[in-house]
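final24.txt (compact mmCIF, C-alpha atoms) appears below.
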# COMPACT_ATOMS: atom_id res chain seq x y z
CA MET S 1 28.54 7.10 23.57
CA ASP S 2 31.44 8.15 21.27
CA TRP S 3 29.90 6.38 18.28
CA ILE S 4 26.69 8.44 18.67
CA GLN S 5 28.64 11.71 18.58
CA ARG S 6 30.46 10.60 15.42
CA LEU S 7 27.33 9.31 13.67
CA ARG S 8 25.87 11.51 10.95
CA VAL S 9 22.32 11.57 9.62
CA ARG S 10 23.46 10.37 6.20
CA GLN S 11 25.03 7.31 7.84
CA LEU S 12 21.61 6.37 9.23
CA TYR S 13 20.32 6.30 5.66
CA VAL S 14 23.29 4.12 4.71
CA LEU S 15 22.54 1.68 7.52
CA VAL S 16 18.84 1.49 6.61
CA SER S 17 19.76 0.89 2.96
CA LEU S 18 22.17 -1.91 3.92
CA HIS S 19 19.42 -3.51 5.98
CA GLU S 20 17.01 -3.30 3.02
CA THR S 21 19.36 -4.56 0.30
CA ALA S 22 21.59 -6.91 2.34
CA ASN S 23 24.17 -6.11 -0.33
CA LEU S 24 27.26 -3.91 -0.08
CA SER S 25 27.59 -3.13 -3.80
CA LEU S 26 23.91 -2.19 -4.22
CA THR S 27 23.99 0.09 -1.18
CA ALA S 28 27.30 1.65 -2.27
CA ALA S 29 25.80 2.47 -5.67
CA ARG S 30 22.55 3.76 -4.12
CA MET S 31 24.40 6.01 -1.65
CA HIS S 32 27.10 7.11 -4.16
CA MET S 33 29.92 5.51 -2.19
CA THR S 34 32.72 3.13 -3.10
CA GLN S 35 32.31 -0.41 -1.81
CA PRO S 36 35.67 -0.37 0.07
CA ALA S 37 34.65 2.87 1.85
CA LEU S 38 31.30 1.34 2.81
CA SER S 39 32.96 -1.87 4.09
CA LYS S 40 35.43 0.16 6.13
CA TRP S 41 32.66 2.31 7.67
CA LEU S 42 30.61 -0.76 8.58
CA ARG S 43 33.59 -2.49 10.26
CA GLU S 44 34.36 0.66 12.25
CA LEU S 45 30.73 0.99 13.36
CA GLU S 46 30.63 -2.64 14.49
CA THR S 47 33.90 -2.13 16.40
CA ASP S 48 32.49 0.97 18.13
CA LEU S 49 29.28 -0.87 19.04
CA GLY S 50 31.03 -4.06 20.11
CA VAL S 51 28.49 -6.21 18.25
CA GLU S 52 28.18 -7.76 14.78
CA LEU S 53 25.47 -6.06 12.72
CA PHE S 54 25.58 -8.43 9.73
CA GLU S 55 26.61 -12.01 9.17
CA ARG S 56 28.73 -12.22 6.00
CA HIS S 57 27.76 -14.94 3.50
CA SER S 58 28.65 -15.61 -0.11
CA ARG S 59 25.15 -14.53 -1.17
CA GLY S 60 25.25 -11.30 0.78
CA LEU S 61 24.65 -9.92 4.26
CA VAL S 62 22.22 -11.26 6.84
CA PRO S 63 21.17 -8.70 9.49
CA THR S 64 21.62 -9.79 13.10
CA ARG S 65 19.16 -9.02 15.89
CA PHE S 66 21.44 -6.15 16.91
CA CYS S 67 21.10 -4.71 13.41
CA ASP S 68 17.31 -5.10 13.41
CA THR S 69 17.11 -3.17 16.68
CA LEU S 70 19.49 -0.41 15.59
CA VAL S 71 17.72 0.02 12.22
CA GLY S 72 14.34 0.22 13.92
CA HIS S 73 15.57 3.16 16.01
CA ALA S 74 17.31 4.68 12.97
CA ARG S 75 14.04 4.66 11.02
CA THR S 76 12.31 6.42 13.91
CA VAL S 77 15.01 9.10 14.08
CA LEU S 78 14.86 9.65 10.31
CA GLY S 79 11.07 9.72 10.38
CA GLU S 80 11.08 12.37 13.11
CA LEU S 81 13.64 14.49 11.23
CA GLU S 82 11.69 14.25 7.97
CA ARG S 83 8.47 15.14 9.81
CA THR S 84 10.21 18.16 11.30
CA GLY S 85 11.22 19.29 7.82
CA GLU S 86 7.64 18.88 6.55
CA THR S 87 6.29 20.87 9.50
CA LEU S 88 8.77 23.68 8.90
CA ARG S 89 7.80 23.79 5.22
CA ALA S 90 4.11 23.95 6.16
CA MET S 91 4.84 26.77 8.60
CA SER S 92 6.80 28.67 5.94
CA ASP S 93 3.70 28.42 3.73
CA GLY S 94 1.61 30.12 6.42
CA SER S 95 0.35 27.22 8.52
CA ASP S 96 0.77 26.93 12.29
CA GLY S 97 1.89 23.33 11.90
CA GLN S 98 0.98 20.01 10.36
CA LEU S 99 -0.95 16.87 11.32
CA LEU S 100 -0.37 13.68 9.33
CA VAL S 101 -3.24 11.19 9.47
CA GLY S 102 -3.28 7.74 7.91
CA THR S 103 -6.58 6.12 7.04
CA THR S 104 -8.00 3.02 5.44
CA PRO S 105 -11.15 3.26 3.26
CA ILE S 106 -13.48 2.73 6.24
CA GLY S 107 -12.11 5.88 7.90
CA THR S 108 -12.32 7.92 4.70
CA SER S 109 -16.05 7.37 4.38
CA GLY S 110 -17.00 7.25 8.06
CA LEU S 111 -15.24 8.97 10.94
CA LEU S 112 -12.88 11.29 9.10
CA PRO S 113 -15.41 13.41 7.16
CA ALA S 114 -17.40 13.94 10.38
CA CYS S 115 -14.22 14.81 12.32
CA LEU S 116 -12.26 17.03 9.94
CA GLY S 117 -14.79 19.88 9.73
CA ASN S 118 -14.84 20.31 13.52
CA TYR S 119 -11.06 19.96 13.71
CA ARG S 120 -10.53 22.62 11.05
CA ARG S 121 -12.68 25.03 13.06
CA LEU S 122 -10.86 24.13 16.28
CA ARG S 123 -7.37 24.35 14.74
CA PRO S 124 -7.73 26.63 11.69
CA GLY S 125 -3.99 27.14 11.39
CA ILE S 126 -3.08 23.45 11.16
CA CYS S 127 -2.62 21.78 7.76
CA THR S 128 -4.06 18.25 8.02
CA VAL S 129 -2.54 15.82 5.51
CA VAL S 130 -4.47 12.57 4.99
CA HIS S 131 -2.77 9.47 3.54
CA GLU S 132 -5.11 6.66 2.47
CA ASN S 133 -3.65 3.16 2.13
CA SER S 134 -3.91 -0.35 3.54
CA LEU S 135 -3.20 -0.77 7.25
CA GLU S 136 -0.24 -2.98 6.36
CA LYS S 137 1.38 -0.07 4.50
CA LEU S 138 0.44 2.60 7.06
CA LEU S 139 1.62 0.88 10.26
CA PRO S 140 5.37 1.11 9.53
CA GLN S 141 4.96 4.84 8.82
CA LEU S 142 3.17 5.29 12.16
CA LYS S 143 5.86 3.42 14.08
CA GLU S 144 8.58 5.49 12.41
CA GLY S 145 6.87 8.76 13.37
CA ARG S 146 5.93 9.65 9.78
CA LEU S 147 2.24 9.63 10.75
CA ASP S 148 0.60 11.01 13.88
CA CYS S 149 -2.23 8.46 13.93
CA ILE S 150 -4.24 6.04 11.79
CA VAL S 151 -8.04 5.77 11.56
CA SER S 152 -8.82 2.17 10.69
CA ARG S 153 -10.41 -1.11 11.66
CA ILE S 154 -8.81 -2.53 14.80
CA GLU S 155 -8.05 -6.23 14.83
CA ALA S 156 -6.60 -8.38 17.59
CA PRO S 157 -3.82 -8.87 18.37
CA VAL S 158 -2.67 -5.25 18.19
CA ASP S 159 1.00 -4.51 17.48
CA PRO S 160 2.71 -3.85 20.87
CA ALA S 161 4.35 -0.72 19.41
CA VAL S 162 0.90 0.78 18.86
CA VAL S 163 -1.87 2.06 21.16
CA ALA S 164 -5.34 1.25 19.84
CA GLU S 165 -8.42 3.20 20.93
CA PRO S 166 -11.76 1.68 19.79
CA LEU S 167 -14.31 4.33 18.79
CA GLN S 168 -17.30 2.63 17.16
CA GLU S 169 -18.53 -0.52 15.47
CA GLU S 170 -19.41 -0.93 11.80
CA GLY S 171 -21.42 -3.66 10.09
CA ILE S 172 -20.80 -4.91 6.57
CA CYS S 173 -23.32 -5.50 3.80
CA VAL S 174 -23.64 -6.57 0.18
CA VAL S 175 -24.37 -3.79 -2.30
CA ALA S 176 -25.31 -3.44 -5.96
CA SER S 177 -26.26 -0.62 -8.28
CA ARG S 178 -29.93 0.36 -8.26
CA GLY S 179 -30.23 -1.09 -11.76
CA HIS S 180 -28.98 -4.55 -10.72
CA PRO S 181 -31.53 -7.41 -11.20
CA LEU S 182 -31.20 -8.41 -7.52
CA ALA S 183 -31.89 -4.83 -6.37
CA ARG S 184 -35.55 -5.29 -7.35
CA LEU S 185 -36.05 -8.39 -5.16
CA ARG S 186 -37.29 -8.35 -1.57
CA LYS S 187 -35.53 -11.63 -0.81
CA VAL S 188 -32.13 -12.69 -2.15
CA THR S 189 -30.26 -15.96 -1.58
CA TRP S 190 -26.51 -16.47 -1.62
CA ALA S 191 -26.97 -18.97 -4.46
CA GLN S 192 -28.51 -16.19 -6.55
CA ALA S 193 -25.77 -13.74 -5.58
CA ARG S 194 -22.96 -16.14 -6.52
CA ASP S 195 -24.24 -16.17 -10.12
CA TYR S 196 -23.08 -12.57 -10.57
CA PRO S 197 -19.56 -11.13 -10.81
CA TRP S 198 -18.15 -9.74 -7.57
CA ALA S 199 -15.74 -6.92 -6.84
CA MET S 200 -14.06 -8.40 -3.76
CA PRO S 201 -11.80 -6.79 -1.16
CA GLN S 202 -8.20 -7.84 -1.65
CA ALA S 203 -7.08 -11.03 0.09
CA GLY S 204 -5.66 -10.35 3.54
CA THR S 205 -7.46 -7.03 4.06
CA PRO S 206 -9.63 -6.62 7.18
CA LEU S 207 -12.86 -6.33 5.13
CA ARG S 208 -12.04 -9.52 3.21
CA ARG S 209 -11.36 -11.40 6.46
CA GLU S 210 -14.66 -10.16 7.95
CA MET S 211 -16.54 -11.39 4.89
CA GLU S 212 -14.81 -14.78 4.96
CA LEU S 213 -15.66 -15.23 8.65
CA ALA S 214 -19.26 -14.12 8.14
CA LEU S 215 -19.84 -16.59 5.31
CA ALA S 216 -18.06 -19.41 7.14
CA ALA S 217 -20.39 -18.85 10.12
CA VAL S 218 -23.46 -19.54 7.95
CA GLY S 219 -21.85 -22.33 5.91
CA GLU S 220 -21.71 -20.40 2.65
CA PRO S 221 -18.74 -20.51 0.25
CA LEU S 222 -17.01 -17.30 -0.74
CA PRO S 223 -18.20 -15.89 -4.09
CA ARG S 224 -15.65 -16.03 -6.89
CA ALA S 225 -13.93 -12.69 -7.40
CA ALA S 226 -14.09 -11.15 -10.84
CA ILE S 227 -12.08 -8.19 -9.57
CA GLU S 228 -10.10 -7.66 -6.34
CA ALA S 229 -9.68 -4.04 -5.20
CA SER S 230 -9.70 -1.93 -2.04
CA SER S 231 -10.39 1.48 -3.58
CA VAL S 232 -13.88 2.66 -2.59
CA VAL S 233 -14.04 5.01 -5.58
CA LEU S 234 -13.07 2.23 -7.99
CA ILE S 235 -15.55 -0.27 -6.52
CA ALA S 236 -18.38 2.28 -6.54
CA SER S 237 -17.62 2.96 -10.19
CA LEU S 238 -17.50 -0.77 -11.00
CA LEU S 239 -20.93 -1.21 -9.44
CA GLN S 240 -22.42 0.93 -12.17
CA ASP S 241 -22.07 -2.24 -14.25
CA ASP S 242 -25.52 -3.59 -13.46
CA GLU S 243 -24.22 -7.14 -12.95
CA MET S 244 -21.51 -6.46 -10.37
CA LEU S 245 -21.85 -7.05 -6.60
CA ALA S 246 -19.53 -5.95 -3.78
CA VAL S 247 -19.24 -5.88 0.01
CA MET S 248 -18.78 -2.60 1.91
CA SER S 249 -18.93 -1.26 5.44
CA ASP S 250 -22.06 0.53 6.66
CA ALA S 251 -20.27 3.89 6.74
CA VAL S 252 -19.14 3.63 3.12
CA VAL S 253 -22.61 2.60 1.96
CA LEU S 254 -24.22 5.47 3.90
CA ALA S 255 -21.89 7.98 2.27
CA LEU S 256 -22.48 6.61 -1.23
CA SER S 257 -26.22 6.04 -0.81
CA ARG S 258 -26.62 9.77 -0.30
CA LEU S 259 -25.69 10.01 -3.97
CA GLU S 260 -28.50 7.49 -4.71
CA ARG S 261 -26.12 5.20 -6.54
CA LEU S 262 -26.23 1.99 -4.48
CA LYS S 263 -28.75 -0.46 -3.07
CA VAL S 264 -28.10 -2.70 -0.05
CA LEU S 265 -29.19 -6.28 -0.77
CA PRO S 266 -31.08 -8.35 1.83
CA LEU S 267 -28.20 -10.78 2.42
CA ALA S 268 -27.18 -11.23 6.06
CA LEU S 269 -23.55 -10.69 7.05
CA GLY S 270 -23.64 -10.81 10.83
CA ARG S 271 -20.10 -9.59 11.45
CA ARG S 272 -19.28 -6.21 12.99
CA ALA S 273 -15.89 -4.56 12.87
CA THR S 274 -14.36 -2.25 15.47
CA VAL S 275 -13.21 1.08 14.04
CA GLY S 276 -10.80 3.25 15.99
CA VAL S 277 -7.58 5.21 16.04
CA LEU S 278 -4.02 3.92 16.32
CA ARG S 279 -1.03 5.91 17.57
CA ARG S 280 2.51 5.15 18.68
CA ALA S 281 2.98 3.54 22.07
CA GLY S 282 5.29 5.17 24.57
CA THR S 283 4.68 8.73 23.32
CA MET S 284 2.42 11.46 24.64
CA PRO S 285 0.06 13.04 22.09
CA THR S 286 0.96 16.60 21.19
CA PRO S 287 -1.74 19.23 21.85
CA VAL S 288 -2.44 19.28 18.09
CA LEU S 289 -2.96 15.50 18.03
CA GLU S 290 -4.94 15.50 21.29
CA ASP S 291 -7.43 17.97 19.80
CA PHE S 292 -7.77 15.76 16.73
CA LEU S 293 -8.41 12.69 18.91
CA SER S 294 -11.11 14.64 20.78
CA CYS S 295 -12.80 15.50 17.47
CA LEU S 296 -12.66 11.83 16.45
CA ARG S 297 -14.32 10.79 19.72
CA GLN S 298 -17.06 13.39 19.23
CA ALA S 299 -17.65 12.18 15.66
CA ALA S 300 -17.85 8.57 16.84
CA GLY S 301 -20.38 9.52 19.54
CA ALA S 302 -22.51 11.45 17.08
CA GLY S 303 -22.37 8.57 14.61
CA GLY S 304 -23.51 6.11 17.25
CA ARG S 305 -26.48 8.33 18.17
CA ASN S 306 -27.44 8.74 14.52
CA ASN S 307 -27.34 4.96 14.01
CA GLN S 308 -29.64 4.45 16.99
CA ASN S 309 -32.11 7.02 15.67
CA SER S 310 -32.18 5.68 12.12
For the structure just supplied, provide its representation as structure tokens.
Amino acid sequence: MDWIQRLRVRQLYVLVSLHETANLSLTAARMHMTQPALSKWLRELETDLGVELFERHSRGLVPTRFCDTLVGHARTVLGELERTGETLRAMSDGSDGQLLVGTTPIGTSGLLPACLGNYRRLRPGICTVVHENSLEKLLPQLKEGRLDCIVSRIEAPVDPAVVAEPLQEEGICVVASRGHPLARLRKVTWAQARDYPWAMPQAGTPLRREMELALAAVGEPLPRAAIEASSVVLIASLLQDDEMLAVMSDAVVLALSRLERLKVLPLALGRRATVGVLRRAGTMPTPVLEDFLSCLRQAAGAGGRNNQNS
């Protein structure tokens, strides 16, 4: 335990940087240290731990499994400390605290708008900060404690470091502007649709995978992408070009159709995606987070009832 008592917060940043760069000189420059001082500190830490953190090679350092484990915990500690600082700053600005929520585009247009109004009334003193990004970018932040939860599609298998709670299902559909030539037809074929430019979800994203699976199930090739993007705002703007087509979730289309900008085309995509909330495994939700989860569940229930009535 002696090494823990001697370890300083700055040294955690040094260790994380070494893990990222796998290079002593780069880390020394980044952390404003001399390379001999960094080498000496690393040797002393390895001696205290009784394990080798890096294998030394002519091309640089290769982290060992001991290093991977230690850095994973270091990131969590740093994430918690940084979150504490953000919460204290929010409180000094007059808030009672802070909730950090990650979301992918499907959450931004679906569950979150329905949830946040109720949550604000339930917890008026809490500042809710929403970060929108891809799930791939948000998950490391969740596991490091930099986010309280993520509202997103849930795909199997789920990361073992994460607890996934399914809340509702969403379909996907093909959309165009109301001025698109296909928007005036009662029946549209995939052959007709492939003749137009498409704004496609980026490769590897959940929506792109759902579309690929849906088309494979009916023996149709994937349309050629003229543009690849995941921003709902950007795609909605691109659709104002009366030749462009795109695929969106039901929740996104419902939100945008209220603005009378989009038309759903009669092209079947039989896939449905599970939307839910992700949080860190092995931790109990704080009362602030538990209230937010309750508001999400209420919003999902109301959304399901509205879908049945429509």
Excluding Ala225 in chain S and any residue of its chain fewer than 5 positions from it, enumerate the residues within 7 Å of it, using all atoms listed in the file, and give them as a list in words.
-> Pro197, Trp198, Ala199 and Met200 of chain S
Just the residues within 7 Å of range 178-194 of chain S, please, counting all atoms listed in the file, with nothing from its chain fewer than 2 positions along; format it as a list of chain:residue names.
-> S:Ala176, S:Tyr196, S:Pro223, S:Asp242, S:Glu243, S:Arg261, S:Leu262, S:Lys263, S:Leu265, S:Pro266, S:Leu267
Please report, as JSON lines, each residue of range 92-123 of chain S lying at most 12 Å from range 72-86 of chain S, together with the nearest pair of atoms and the separation in Å rounded to one decimal; use only C-alpha atoms, and order rows by chain and ascending residue number.
{"residue": "S:Ser92", "atom": "CA", "partner": "S:Glu86", "partner_atom": "CA", "distance": 9.8}
{"residue": "S:Asp93", "atom": "CA", "partner": "S:Glu86", "partner_atom": "CA", "distance": 10.7}
{"residue": "S:Ser95", "atom": "CA", "partner": "S:Glu86", "partner_atom": "CA", "distance": 11.3}
{"residue": "S:Gly97", "atom": "CA", "partner": "S:Glu86", "partner_atom": "CA", "distance": 9.0}
{"residue": "S:Gln98", "atom": "CA", "partner": "S:Glu86", "partner_atom": "CA", "distance": 7.8}
{"residue": "S:Leu99", "atom": "CA", "partner": "S:Arg83", "partner_atom": "CA", "distance": 9.7}
{"residue": "S:Leu100", "atom": "CA", "partner": "S:Arg83", "partner_atom": "CA", "distance": 9.0}
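In this model, the gap between CA of Leu167 in chain S and CA of Ala246 in chain S comes to 25.3 Å.
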Leaving out Ala37 in chain S and any residue of its chain fewer than 6 positions from it, which residues lie within 12 Å of it when counting all atoms listed in the file, given as a list of chain:residue names?
-> S:Val14, S:Leu24, S:Ser25, S:Thr27, S:Ala28, S:Ala29, S:Met31, S:Arg43, S:Glu44
Could you rebuild range 39-55 of chain S with N, CA, C and O atoms and give it back as a PDB file, in the frame of the given file?
ATOM      1  N   SER S  39      32.509  -0.739   3.258  1.00  0.00           N
ATOM      2  CA  SER S  39      32.960  -1.870   4.090  1.00  0.00           C
ATOM      3  C   SER S  39      33.751  -1.367   5.292  1.00  0.00           C
ATOM      4  O   SER S  39      33.572  -1.858   6.415  1.00  0.00           O
ATOM      5  N   LYS S  40      34.610  -0.390   5.045  1.00  0.00           N
ATOM      6  CA  LYS S  40      35.430   0.160   6.130  1.00  0.00           C
ATOM      7  C   LYS S  40      34.550   0.842   7.170  1.00  0.00           C
ATOM      8  O   LYS S  40      34.725   0.647   8.387  1.00  0.00           O
ATOM      9  N   TRP S  41      33.563   1.633   6.723  1.00  0.00           N
ATOM     10  CA  TRP S  41      32.660   2.310   7.670  1.00  0.00           C
ATOM     11  C   TRP S  41      31.881   1.299   8.499  1.00  0.00           C
ATOM     12  O   TRP S  41      31.727   1.465   9.714  1.00  0.00           O
ATOM     13  N   LEU S  42      31.393   0.238   7.863  1.00  0.00           N
ATOM     14  CA  LEU S  42      30.610  -0.760   8.580  1.00  0.00           C
ATOM     15  C   LEU S  42      31.460  -1.474   9.629  1.00  0.00           C
ATOM     16  O   LEU S  42      31.016  -1.689  10.766  1.00  0.00           O
ATOM     17  N   ARG S  43      32.703  -1.827   9.284  1.00  0.00           N
ATOM     18  CA  ARG S  43      33.590  -2.490  10.260  1.00  0.00           C
ATOM     19  C   ARG S  43      33.867  -1.570  11.445  1.00  0.00           C
ATOM     20  O   ARG S  43      33.868  -2.005  12.597  1.00  0.00           O
ATOM     21  N   GLU S  44      34.094  -0.287  11.166  1.00  0.00           N
ATOM     22  CA  GLU S  44      34.360   0.660  12.250  1.00  0.00           C
ATOM     23  C   GLU S  44      33.138   0.831  13.153  1.00  0.00           C
ATOM     24  O   GLU S  44      33.274   0.922  14.384  1.00  0.00           O
ATOM     25  N   LEU S  45      31.943   0.854  12.559  1.00  0.00           N
ATOM     26  CA  LEU S  45      30.730   0.990  13.360  1.00  0.00           C
ATOM     27  C   LEU S  45      30.535  -0.235  14.251  1.00  0.00           C
ATOM     28  O   LEU S  45      30.211  -0.113  15.441  1.00  0.00           O
ATOM     29  N   GLU S  46      30.777  -1.413  13.698  1.00  0.00           N
ATOM     30  CA  GLU S  46      30.630  -2.640  14.490  1.00  0.00           C
ATOM     31  C   GLU S  46      31.659  -2.669  15.617  1.00  0.00           C
ATOM     32  O   GLU S  46      31.356  -3.119  16.735  1.00  0.00           O
ATOM     33  N   THR S  47      32.863  -2.184  15.358  1.00  0.00           N
ATOM     34  CA  THR S  47      33.900  -2.130  16.400  1.00  0.00           C
ATOM     35  C   THR S  47      33.477  -1.169  17.512  1.00  0.00           C
ATOM     36  O   THR S  47      33.607  -1.475  18.701  1.00  0.00           O
ATOM     37  N   ASP S  48      32.948  -0.007  17.128  1.00  0.00           N
ATOM     38  CA  ASP S  48      32.490   0.970  18.130  1.00  0.00           C
ATOM     39  C   ASP S  48      31.353   0.398  18.975  1.00  0.00           C
ATOM     40  O   ASP S  48      31.294   0.614  20.192  1.00  0.00           O
ATOM     41  N   LEU S  49      30.442  -0.326  18.330  1.00  0.00           N
ATOM     42  CA  LEU S  49      29.280  -0.870  19.040  1.00  0.00           C
ATOM     43  C   LEU S  49      29.636  -2.108  19.857  1.00  0.00           C
ATOM     44  O   LEU S  49      28.959  -2.425  20.844  1.00  0.00           O
ATOM     45  N   GLY S  50      30.650  -2.830  19.414  1.00  0.00           N
ATOM     46  CA  GLY S  50      31.030  -4.060  20.110  1.00  0.00           C
ATOM     47  C   GLY S  50      30.121  -5.225  19.771  1.00  0.00           C
ATOM     48  O   GLY S  50      30.093  -6.225  20.510  1.00  0.00           O
ATOM     49  N   VAL S  51      29.375  -5.120  18.673  1.00  0.00           N
ATOM     50  CA  VAL S  51      28.490  -6.210  18.250  1.00  0.00           C
ATOM     51  C   VAL S  51      28.596  -6.345  16.729  1.00  0.00           C
ATOM     52  O   VAL S  51      29.005  -5.420  16.022  1.00  0.00           O
ATOM     53  N   GLU S  52      28.200  -7.517  16.220  1.00  0.00           N
ATOM     54  CA  GLU S  52      28.180  -7.760  14.780  1.00  0.00           C
ATOM     55  C   GLU S  52      26.793  -7.397  14.243  1.00  0.00           C
ATOM     56  O   GLU S  52      25.784  -7.910  14.727  1.00  0.00           O
ATOM     57  N   LEU S  53      26.760  -6.494  13.275  1.00  0.00           N
ATOM     58  CA  LEU S  53      25.470  -6.060  12.720  1.00  0.00           C
ATOM     59  C   LEU S  53      24.998  -6.966  11.588  1.00  0.00           C
ATOM     60  O   LEU S  53      23.781  -7.117  11.381  1.00  0.00           O
ATOM     61  N   PHE S  54      25.933  -7.550  10.851  1.00  0.00           N
ATOM     62  CA  PHE S  54      25.580  -8.430   9.730  1.00  0.00           C
ATOM     63  C   PHE S  54      26.447  -9.676   9.771  1.00  0.00           C
ATOM     64  O   PHE S  54      27.648  -9.612  10.094  1.00  0.00           O
ATOM     65  N   GLU S  55      25.846 -10.790   9.433  1.00  0.00           N
ATOM     66  CA  GLU S  55      26.610 -12.010   9.170  1.00  0.00           C
ATOM     67  C   GLU S  55      26.984 -11.998   7.689  1.00  0.00           C
ATOM     68  O   GLU S  55      26.141 -11.741   6.830  1.00  0.00           O
TER      69      GLU S  55
END
